[in-house]
Amino acid sequence: MTKGSVYTAQHAFTLIELIIVIVLMSIMAAGSVQFISYSALGYVDTARRAELASTATIINEKMSRIIRDALPGSIRVTADNRCVEIIPILASSFYTLAPFTDSTSTVNRNEVRVININGELAQTGFLAINPISSNINAAYRRNATSPVSGYVSEMMATIDNLGTVDPDLSDDQSYYRFNAGTLFEFLQPSPQKRVFVVDNPRAFCQSGTRLFYYRNYGFIQDIANLQAGLPTAQPNRLLIADRLLNDSLVFSFTQPSLQRNGIVAYQLTLSDDTQASEILQINQEIHIRNVP
């Protein structure tokens, strides 16, 4: 080499270095793919669980809102515990005069005098006074063409109209007339003189993997015939929720006592169709607000 000349060394990757780089890049790529994959799976799992939780919220809200305002003595559960039925309250007040089986002959058997609340009461429906009985079918057996005459299951009468007794009274009394001039006697008075205006019964039942809400099917006298008498299509059969495990819905009812209100309890299991192991179990209690 002569003085002043420049020597340039050219370096290249060896085969071993290339192999090491390829291996490291492969490891990094595999880790990145797994990270993205697990993140996506985590999002899908979270979305699936959130959907089940939303379904549970809908079930609890719908059933709680309807059942907690049930007429006292009207809650009944089928023998297989898959259905619960109640009579919903439209309005309530206090009566000043009503016909009972032990009322004197001077008491009109065709009307009930009530005190208006906020100046308004329901204009249609059925009247009920203290419909508590040891027979769970009592509030559902009606005979509108004759008085009760001690018949335990007669506790409601059909309303014909609501009229004012004396609008100048401070308590704003009004009266309910029974349908078509029917004579009627309630079985027993209310300790607090409460009178309820109620509507046709409602029911919740599981059918397969679905929970349905039933309405406008009338009064079914025996709970054993309830499921056979329920509507089979809209608008009187409404879908509340899907994805229930078969036969997972179980209702129970605890009668009220002097220390607490009646309680409707239920448990059910929701399951995701795409992931059999993804389940959500629900246990809920609904306290019945009203008392006789």
# chains A, B, ... in the order shown; residues from 1 in each chain; ligands from 1

call {"tool": "residues_around", "arguments": {"residues": "A:Leu280", "least_positions_apart": "5", "cutoff": "7 Å", "atoms": "only C-alpha atoms", "output": "list in words"}}
result
Leu52, Thr269, Leu270 and Ser271 of chain A

call {"tool": "residues_around", "arguments": {"residues": "A:Thr55", "least_positions_apart": "3", "cutoff": "9 Å", "atoms": "only C-alpha atoms", "output": "PyMOL selection string"}}
result
chain A and resi 50-52+58-60+240-243+270

call {"tool": "closest_residue", "arguments": {"among": "A:Pro99, A:Ile129, A:Asn135, A:Asn108", "to": "A:Lys193", "atoms": "only C-alpha atoms"}}
result
A:Ile129

call {"tool": "residues_around", "arguments": {"residues": "A:Thr78", "least_positions_apart": "3", "cutoff": "8 Å", "atoms": "only C-alpha atoms", "output": "tab-separated table (two decimals) with all heavy atoms, in the first residue's frame"}}
result
chain	number	residue	atom	x	y	z
A	81	ASN	N	-93.42	-24.06	38.61
A	81	ASN	CA	-92.66	-22.85	38.98
A	81	ASN	C	-92.12	-22.07	37.77
A	81	ASN	O	-91.26	-21.22	37.92
A	81	ASN	CB	-91.49	-23.18	39.91
A	81	ASN	CG	-91.94	-23.85	41.18
A	81	ASN	OD1	-91.63	-25.02	41.43
A	81	ASN	ND2	-92.68	-23.14	42.00
A	82	ARG	N	-92.67	-22.32	36.58
A	82	ARG	CA	-92.20	-21.63	35.37
A	82	ARG	C	-92.99	-20.36	35.09
A	82	ARG	O	-92.57	-19.56	34.25
A	82	ARG	CB	-92.29	-22.56	34.15
A	82	ARG	CG	-91.54	-23.87	34.29
A	82	ARG	CD	-90.05	-23.66	34.44
A	82	ARG	NE	-89.37	-24.91	34.68
A	82	ARG	CZ	-88.37	-25.08	35.51
A	82	ARG	NH1	-87.92	-24.04	36.20
A	82	ARG	NH2	-87.80	-26.24	35.69
A	83	CYS	N	-94.13	-20.18	35.72
A	83	CYS	CA	-94.98	-19.02	35.44
A	83	CYS	C	-95.41	-18.36	36.75
A	83	CYS	O	-95.63	-19.05	37.75
A	83	CYS	CB	-96.25	-19.42	34.68
A	83	CYS	SG	-95.97	-20.15	33.06
A	84	VAL	N	-95.54	-17.04	36.70
A	84	VAL	CA	-96.12	-16.29	37.80
A	84	VAL	C	-97.23	-15.43	37.23
A	84	VAL	O	-97.10	-14.89	36.13
A	84	VAL	CB	-95.07	-15.43	38.53
A	84	VAL	CG1	-94.50	-14.37	37.62
A	84	VAL	CG2	-95.66	-14.80	39.79
A	223	ILE	N	-105.23	-22.11	38.50
A	223	ILE	CA	-103.86	-21.91	38.08
A	223	ILE	C	-103.35	-23.10	37.27
A	223	ILE	O	-102.45	-22.95	36.43
A	223	ILE	CB	-102.94	-21.66	39.30
A	223	ILE	CG1	-101.51	-21.30	38.87
A	223	ILE	CG2	-102.94	-22.86	40.23
A	223	ILE	CD1	-101.40	-20.03	38.11
A	224	ALA	N	-103.91	-24.28	37.48
A	224	ALA	CA	-103.49	-25.46	36.73
A	224	ALA	C	-103.79	-25.33	35.24
A	224	ALA	O	-103.17	-26.00	34.41
A	224	ALA	CB	-104.18	-26.71	37.28
A	226	LEU	N	-103.59	-22.35	33.59
A	226	LEU	CA	-103.06	-21.07	33.14
A	226	LEU	C	-102.29	-21.21	31.83
A	226	LEU	O	-102.57	-20.49	30.86
A	226	LEU	CB	-102.16	-20.46	34.21
A	226	LEU	CG	-101.42	-19.18	33.79
A	226	LEU	CD1	-102.42	-18.06	33.51
A	226	LEU	CD2	-100.41	-18.75	34.85

call {"tool": "residues_around", "arguments": {"residues": "A:Phe251", "least_positions_apart": "6", "cutoff": "10 Å", "atoms": "only C-alpha atoms", "output": "count of residues only"}}
result
18

call {"tool": "atom_distance", "arguments": {"atom1": "atom CA of A:Arg65", "atom2": "atom CA of A:Ile132"}}
result
21.9 Å

call {"tool": "residues_around", "arguments": {"residues": "stretch 261-263 of chain A", "least_positions_apart": "4", "cutoff": "6 Å", "atoms": "only C-alpha atoms", "output": "PyMOL selection string"}}
result
chain A and resi 253-256+286-288

call {"tool": "write_last_selection", "arguments": {"atoms": "N, CA and C atoms", "output": "mmCIF file, in the first residue's frame"}}
result
data_model
loop_
_atom_site.group_PDB
_atom_site.id
_atom_site.type_symbol
_atom_site.label_atom_id
_atom_site.label_comp_id
_atom_site.auth_asym_id
_atom_site.auth_seq_id
_atom_site.Cartn_x
_atom_site.Cartn_y
_atom_site.Cartn_z
ATOM 1 N N PHE A 253 -93.143 -17.731 45.764
ATOM 2 C CA PHE A 253 -93.833 -16.627 46.416
ATOM 3 C C PHE A 253 -93.910 -16.882 47.909
ATOM 4 N N THR A 254 -93.501 -15.880 48.685
ATOM 5 C CA THR A 254 -93.584 -15.937 50.137
ATOM 6 C C THR A 254 -94.723 -15.033 50.591
ATOM 7 N N GLN A 255 -95.672 -15.613 51.296
ATOM 8 C CA GLN A 255 -96.840 -14.861 51.740
ATOM 9 C C GLN A 255 -96.432 -13.737 52.691
ATOM 10 N N PRO A 256 -97.177 -12.632 52.687
ATOM 11 C CA PRO A 256 -96.860 -11.525 53.604
ATOM 12 C C PRO A 256 -97.182 -11.887 55.048
ATOM 13 N N ILE A 286 -88.660 -9.536 44.541
ATOM 14 C CA ILE A 286 -89.531 -8.389 44.296
ATOM 15 C C ILE A 286 -90.482 -8.266 45.481
ATOM 16 N N HIS A 287 -90.441 -7.154 46.168
ATOM 17 C CA HIS A 287 -91.312 -6.948 47.316
ATOM 18 C C HIS A 287 -92.636 -6.331 46.849
ATOM 19 N N ILE A 288 -93.723 -6.957 47.235
ATOM 20 C CA ILE A 288 -95.045 -6.463 46.879
ATOM 21 C C ILE A 288 -95.375 -5.262 47.757
#

call {"tool": "residues_around", "arguments": {"residues": "A:Pro292", "least_positions_apart": "3", "cutoff": "7 Å", "atoms": "only C-alpha atoms", "output": "tab-separated table (two decimals) with all heavy atoms, in the first residue's frame"}}
result
chain	number	residue	atom	x	y	z
A	72	PRO	N	-102.84	-7.40	46.38
A	72	PRO	CA	-102.59	-8.38	47.45
A	72	PRO	C	-103.52	-9.58	47.30
A	72	PRO	O	-104.71	-9.43	47.02
A	72	PRO	CB	-102.90	-7.59	48.72
A	72	PRO	CG	-102.72	-6.16	48.35
A	72	PRO	CD	-103.14	-6.06	46.91
A	130	ASN	N	-109.80	-6.21	50.10
A	130	ASN	CA	-109.20	-7.26	50.94
A	130	ASN	C	-109.34	-8.65	50.32
A	130	ASN	O	-109.94	-9.55	50.92
A	130	ASN	CB	-109.83	-7.24	52.34
A	130	ASN	CG	-109.00	-8.04	53.34
A	130	ASN	OD1	-107.90	-8.50	53.04
A	130	ASN	ND2	-109.55	-8.21	54.53
A	190	SER	N	-111.67	-4.34	54.61
A	190	SER	CA	-110.24	-4.09	54.73
A	190	SER	C	-109.96	-3.46	56.08
A	190	SER	O	-110.69	-2.56	56.51
A	190	SER	CB	-109.77	-3.15	53.62
A	190	SER	OG	-108.52	-2.60	53.92
A	194	ARG	N	-109.19	-0.01	52.55
A	194	ARG	CA	-108.59	0.20	51.23
A	194	ARG	C	-109.44	-0.48	50.16
A	194	ARG	O	-109.93	-1.60	50.34
A	194	ARG	CB	-107.17	-0.36	51.19
A	194	ARG	CG	-106.19	0.39	52.08
A	194	ARG	CD	-104.81	-0.21	52.01
A	194	ARG	NE	-104.25	-0.11	50.66
A	194	ARG	CZ	-103.57	0.94	50.21
A	194	ARG	NH1	-103.36	1.97	50.99
A	194	ARG	NH2	-103.08	0.95	49.00

call {"tool": "select_by_dssp", "arguments": {"residues": "stretch 54-244 of chain A", "states": "strand (DSSP E)", "output": "ChimeraX atom specification"}}
result
/A:76-77,83-86,89-97,111-115,126-128,156-164,173-178,194-198,202-207,210-214,237-241

call {"tool": "write_last_selection", "arguments": {"atoms": "C-alpha atoms", "output": "PDB file, in the first residue's frame"}}
result
ATOM      1  CA  ARG A  76     -99.939 -17.269  42.149  1.00  0.00           C
ATOM      2  CA  VAL A  77     -97.253 -19.568  40.744  1.00  0.00           C
ATOM      3  CA  CYS A  83     -94.982 -19.024  35.444  1.00  0.00           C
ATOM      4  CA  VAL A  84     -96.121 -16.290  37.803  1.00  0.00           C
ATOM      5  CA  GLU A  85     -99.460 -14.486  37.500  1.00  0.00           C
ATOM      6  CA  ILE A  86    -100.693 -11.293  39.126  1.00  0.00           C
ATOM      7  CA  ILE A  89    -103.628  -2.347  40.227  1.00  0.00           C
ATOM      8  CA  LEU A  90    -104.845   0.648  38.226  1.00  0.00           C
ATOM      9  CA  ALA A  91    -105.703   2.863  41.189  1.00  0.00           C
ATOM     10  CA  SER A  92    -106.436   2.674  44.895  1.00  0.00           C
ATOM     11  CA  SER A  93    -108.292   4.704  47.461  1.00  0.00           C
ATOM     12  CA  PHE A  94    -110.288   4.321  50.682  1.00  0.00           C
ATOM     13  CA  TYR A  95    -113.944   3.402  50.799  1.00  0.00           C
ATOM     14  CA  THR A  96    -116.467   5.052  53.089  1.00  0.00           C
ATOM     15  CA  LEU A  97    -119.276   2.581  52.394  1.00  0.00           C
ATOM     16  CA  GLU A 111    -122.206   0.677  44.625  1.00  0.00           C
ATOM     17  CA  VAL A 112    -119.091   1.472  46.622  1.00  0.00           C
ATOM     18  CA  ARG A 113    -118.439   4.982  47.942  1.00  0.00           C
ATOM     19  CA  VAL A 114    -114.801   6.055  47.815  1.00  0.00           C
ATOM     20  CA  ILE A 115    -112.587   9.027  48.583  1.00  0.00           C
ATOM     21  CA  PHE A 126    -112.725  -4.267  38.631  1.00  0.00           C
ATOM     22  CA  LEU A 127    -113.095  -3.393  42.288  1.00  0.00           C
ATOM     23  CA  ALA A 128    -111.372  -5.426  44.984  1.00  0.00           C
ATOM     24  CA  MET A 156    -114.197  -8.454  42.775  1.00  0.00           C
ATOM     25  CA  ALA A 157    -116.980  -6.757  40.871  1.00  0.00           C
ATOM     26  CA  THR A 158    -116.982  -5.206  37.407  1.00  0.00           C
ATOM     27  CA  ILE A 159    -117.161  -1.407  37.348  1.00  0.00           C
ATOM     28  CA  ASP A 160    -119.914   0.228  35.329  1.00  0.00           C
ATOM     29  CA  ASN A 161    -119.241   3.895  35.964  1.00  0.00           C
ATOM     30  CA  LEU A 162    -117.751   6.389  38.382  1.00  0.00           C
ATOM     31  CA  GLY A 163    -119.947   9.246  39.542  1.00  0.00           C
ATOM     32  CA  THR A 164    -119.687  12.072  42.051  1.00  0.00           C
ATOM     33  CA  GLN A 173    -116.354  11.393  47.724  1.00  0.00           C
ATOM     34  CA  SER A 174    -117.443   9.488  44.629  1.00  0.00           C
ATOM     35  CA  TYR A 175    -119.092   6.178  43.963  1.00  0.00           C
ATOM     36  CA  TYR A 176    -118.510   3.134  41.767  1.00  0.00           C
ATOM     37  CA  ARG A 177    -121.536   1.411  40.275  1.00  0.00           C
ATOM     38  CA  PHE A 178    -121.349  -2.272  39.430  1.00  0.00           C
ATOM     39  CA  ARG A 194    -108.588   0.199  51.230  1.00  0.00           C
ATOM     40  CA  VAL A 195    -110.268  -0.358  47.865  1.00  0.00           C
ATOM     41  CA  PHE A 196    -108.412  -1.235  44.667  1.00  0.00           C
ATOM     42  CA  VAL A 197    -109.320  -0.721  41.032  1.00  0.00           C
ATOM     43  CA  VAL A 198    -107.630  -3.505  39.080  1.00  0.00           C
ATOM     44  CA  ARG A 202    -100.867 -10.502  33.660  1.00  0.00           C
ATOM     45  CA  ALA A 203     -98.376 -13.379  33.565  1.00  0.00           C
ATOM     46  CA  PHE A 204     -94.700 -14.129  32.931  1.00  0.00           C
ATOM     47  CA  CYS A 205     -93.654 -17.568  31.674  1.00  0.00           C
ATOM     48  CA  GLN A 206     -90.607 -19.254  30.215  1.00  0.00           C
ATOM     49  CA  SER A 207     -91.133 -21.122  26.950  1.00  0.00           C
ATOM     50  CA  ARG A 210     -87.570 -17.347  25.804  1.00  0.00           C
ATOM     51  CA  LEU A 211     -89.323 -15.308  28.471  1.00  0.00           C
ATOM     52  CA  PHE A 212     -92.789 -14.016  27.527  1.00  0.00           C
ATOM     53  CA  TYR A 213     -95.147 -11.450  29.031  1.00  0.00           C
ATOM     54  CA  TYR A 214     -98.881 -12.222  28.662  1.00  0.00           C
ATOM     55  CA  ARG A 237     -97.843 -12.330  24.045  1.00  0.00           C
ATOM     56  CA  LEU A 238     -94.731 -10.162  24.130  1.00  0.00           C
ATOM     57  CA  LEU A 239     -91.135 -11.360  24.043  1.00  0.00           C
ATOM     58  CA  ILE A 240     -89.149 -10.015  26.997  1.00  0.00           C
ATOM     59  CA  ALA A 241     -85.855 -11.878  26.579  1.00  0.00           C
TER      60      ALA A 241
END

call {"tool": "select_by_dssp", "arguments": {"residues": "stretch 52-278 of chain A", "states": "helix (DSSP H, G or I)", "output": "PyMOL selection string"}}
result
chain A and resi 52-67+138-140+179-181+223-229

call {"tool": "write_last_selection", "arguments": {"atoms": "N, CA and C atoms", "output": "PDB file, in the first residue's frame"}}
result
ATOM      1  N   LEU A  52     -75.362 -10.056  27.810  1.00  0.00           N
ATOM      2  CA  LEU A  52     -76.095 -10.874  28.786  1.00  0.00           C
ATOM      3  C   LEU A  52     -76.529 -10.027  29.982  1.00  0.00           C
ATOM      4  N   ALA A  53     -75.644  -9.134  30.429  1.00  0.00           N
ATOM      5  CA  ALA A  53     -75.990  -8.262  31.557  1.00  0.00           C
ATOM      6  C   ALA A  53     -77.138  -7.329  31.196  1.00  0.00           C
ATOM      7  N   SER A  54     -77.140  -6.819  29.963  1.00  0.00           N
ATOM      8  CA  SER A  54     -78.233  -5.951  29.521  1.00  0.00           C
ATOM      9  C   SER A  54     -79.552  -6.718  29.473  1.00  0.00           C
ATOM     10  N   THR A  55     -79.500  -7.949  29.004  1.00  0.00           N
ATOM     11  CA  THR A  55     -80.704  -8.783  28.985  1.00  0.00           C
ATOM     12  C   THR A  55     -81.226  -9.012  30.397  1.00  0.00           C
ATOM     13  N   ALA A  56     -80.322  -9.261  31.333  1.00  0.00           N
ATOM     14  CA  ALA A  56     -80.720  -9.452  32.729  1.00  0.00           C
ATOM     15  C   ALA A  56     -81.366  -8.196  33.293  1.00  0.00           C
ATOM     16  N   THR A  57     -80.817  -7.027  32.950  1.00  0.00           N
ATOM     17  CA  THR A  57     -81.384  -5.766  33.420  1.00  0.00           C
ATOM     18  C   THR A  57     -82.796  -5.566  32.889  1.00  0.00           C
ATOM     19  N   ILE A  58     -83.006  -5.878  31.616  1.00  0.00           N
ATOM     20  CA  ILE A  58     -84.340  -5.753  31.016  1.00  0.00           C
ATOM     21  C   ILE A  58     -85.334  -6.671  31.725  1.00  0.00           C
ATOM     22  N   ILE A  59     -84.929  -7.897  31.978  1.00  0.00           N
ATOM     23  CA  ILE A  59     -85.811  -8.853  32.664  1.00  0.00           C
ATOM     24  C   ILE A  59     -86.180  -8.333  34.046  1.00  0.00           C
ATOM     25  N   ASN A  60     -85.174  -7.925  34.807  1.00  0.00           N
ATOM     26  CA  ASN A  60     -85.431  -7.467  36.176  1.00  0.00           C
ATOM     27  C   ASN A  60     -86.315  -6.226  36.204  1.00  0.00           C
ATOM     28  N   GLU A  61     -86.039  -5.276  35.312  1.00  0.00           N
ATOM     29  CA  GLU A  61     -86.820  -4.039  35.292  1.00  0.00           C
ATOM     30  C   GLU A  61     -88.270  -4.305  34.916  1.00  0.00           C
ATOM     31  N   LYS A  62     -88.483  -5.093  33.877  1.00  0.00           N
ATOM     32  CA  LYS A  62     -89.840  -5.351  33.397  1.00  0.00           C
ATOM     33  C   LYS A  62     -90.663  -6.094  34.441  1.00  0.00           C
ATOM     34  N   MET A  63     -90.106  -7.156  34.986  1.00  0.00           N
ATOM     35  CA  MET A  63     -90.883  -7.945  35.940  1.00  0.00           C
ATOM     36  C   MET A  63     -91.070  -7.196  37.257  1.00  0.00           C
ATOM     37  N   SER A  64     -90.049  -6.490  37.706  1.00  0.00           N
ATOM     38  CA  SER A  64     -90.168  -5.758  38.971  1.00  0.00           C
ATOM     39  C   SER A  64     -91.223  -4.670  38.870  1.00  0.00           C
ATOM     40  N   ARG A  65     -91.219  -3.936  37.761  1.00  0.00           N
ATOM     41  CA  ARG A  65     -92.156  -2.820  37.601  1.00  0.00           C
ATOM     42  C   ARG A  65     -93.610  -3.285  37.617  1.00  0.00           C
ATOM     43  N   ILE A  66     -93.882  -4.464  37.065  1.00  0.00           N
ATOM     44  CA  ILE A  66     -95.264  -4.958  36.981  1.00  0.00           C
ATOM     45  C   ILE A  66     -95.662  -5.725  38.234  1.00  0.00           C
ATOM     46  N   ILE A  67     -94.785  -6.588  38.732  1.00  0.00           N
ATOM     47  CA  ILE A  67     -95.154  -7.475  39.834  1.00  0.00           C
ATOM     48  C   ILE A  67     -95.265  -6.730  41.159  1.00  0.00           C
ATOM     49  N   ALA A 138    -108.581 -17.725  44.635  1.00  0.00           N
ATOM     50  CA  ALA A 138    -109.749 -16.979  45.095  1.00  0.00           C
ATOM     51  C   ALA A 138    -110.003 -15.712  44.298  1.00  0.00           C
ATOM     52  N   ALA A 139    -108.978 -14.915  44.073  1.00  0.00           N
ATOM     53  CA  ALA A 139    -109.171 -13.628  43.412  1.00  0.00           C
ATOM     54  C   ALA A 139    -109.477 -13.762  41.930  1.00  0.00           C
ATOM     55  N   TYR A 140    -109.360 -14.971  41.366  1.00  0.00           N
ATOM     56  CA  TYR A 140    -109.555 -15.171  39.932  1.00  0.00           C
ATOM     57  C   TYR A 140    -110.904 -15.807  39.604  1.00  0.00           C
ATOM     58  N   ASN A 179    -121.393  -3.215  37.220  1.00  0.00           N
ATOM     59  CA  ASN A 179    -121.807  -3.349  35.838  1.00  0.00           C
ATOM     60  C   ASN A 179    -123.230  -3.880  35.694  1.00  0.00           C
ATOM     61  N   ALA A 180    -124.015  -3.212  34.843  1.00  0.00           N
ATOM     62  CA  ALA A 180    -125.366  -3.650  34.474  1.00  0.00           C
ATOM     63  C   ALA A 180    -126.275  -3.815  35.689  1.00  0.00           C
ATOM     64  N   GLY A 181    -126.068  -2.995  36.687  1.00  0.00           N
ATOM     65  CA  GLY A 181    -126.932  -3.057  37.857  1.00  0.00           C
ATOM     66  C   GLY A 181    -126.747  -4.289  38.708  1.00  0.00           C
ATOM     67  N   ILE A 223    -105.235 -22.105  38.504  1.00  0.00           N
ATOM     68  CA  ILE A 223    -103.859 -21.914  38.077  1.00  0.00           C
ATOM     69  C   ILE A 223    -103.349 -23.100  37.268  1.00  0.00           C
ATOM     70  N   ALA A 224    -103.910 -24.281  37.477  1.00  0.00           N
ATOM     71  CA  ALA A 224    -103.491 -25.465  36.728  1.00  0.00           C
ATOM     72  C   ALA A 224    -103.794 -25.327  35.236  1.00  0.00           C
ATOM     73  N   ASN A 225    -104.734 -24.452  34.874  1.00  0.00           N
ATOM     74  CA  ASN A 225    -105.105 -24.260  33.469  1.00  0.00           C
ATOM     75  C   ASN A 225    -104.477 -23.004  32.861  1.00  0.00           C
ATOM     76  N   LEU A 226    -103.593 -22.354  33.595  1.00  0.00           N
ATOM     77  CA  LEU A 226    -103.057 -21.074  33.135  1.00  0.00           C
ATOM     78  C   LEU A 226    -102.288 -21.206  31.828  1.00  0.00           C
ATOM     79  N   GLN A 227    -101.305 -22.089  31.777  1.00  0.00           N
ATOM     80  CA  GLN A 227    -100.440 -22.161  30.602  1.00  0.00           C
ATOM     81  C   GLN A 227    -101.215 -22.510  29.330  1.00  0.00           C
ATOM     82  N   ALA A 228    -102.214 -23.363  29.469  1.00  0.00           N
ATOM     83  CA  ALA A 228    -103.015 -23.738  28.296  1.00  0.00           C
ATOM     84  C   ALA A 228    -103.893 -22.588  27.824  1.00  0.00           C
ATOM     85  N   GLY A 229    -104.222 -21.652  28.717  1.00  0.00           N
ATOM     86  CA  GLY A 229    -105.110 -20.557  28.363  1.00  0.00           C
ATOM     87  C   GLY A 229    -104.426 -19.272  27.976  1.00  0.00           C
TER      88      GLY A 229
END

call {"tool": "atom_distance", "arguments": {"atom1": "atom CA of A:Ser74", "atom2": "atom CA of A:Ser133"}}
result
9.4 Å

call {"tool": "atom_distance", "arguments": {"atom1": "atom CA of A:Pro191", "atom2": "atom CA of A:Asn290"}}
result
13.1 Å
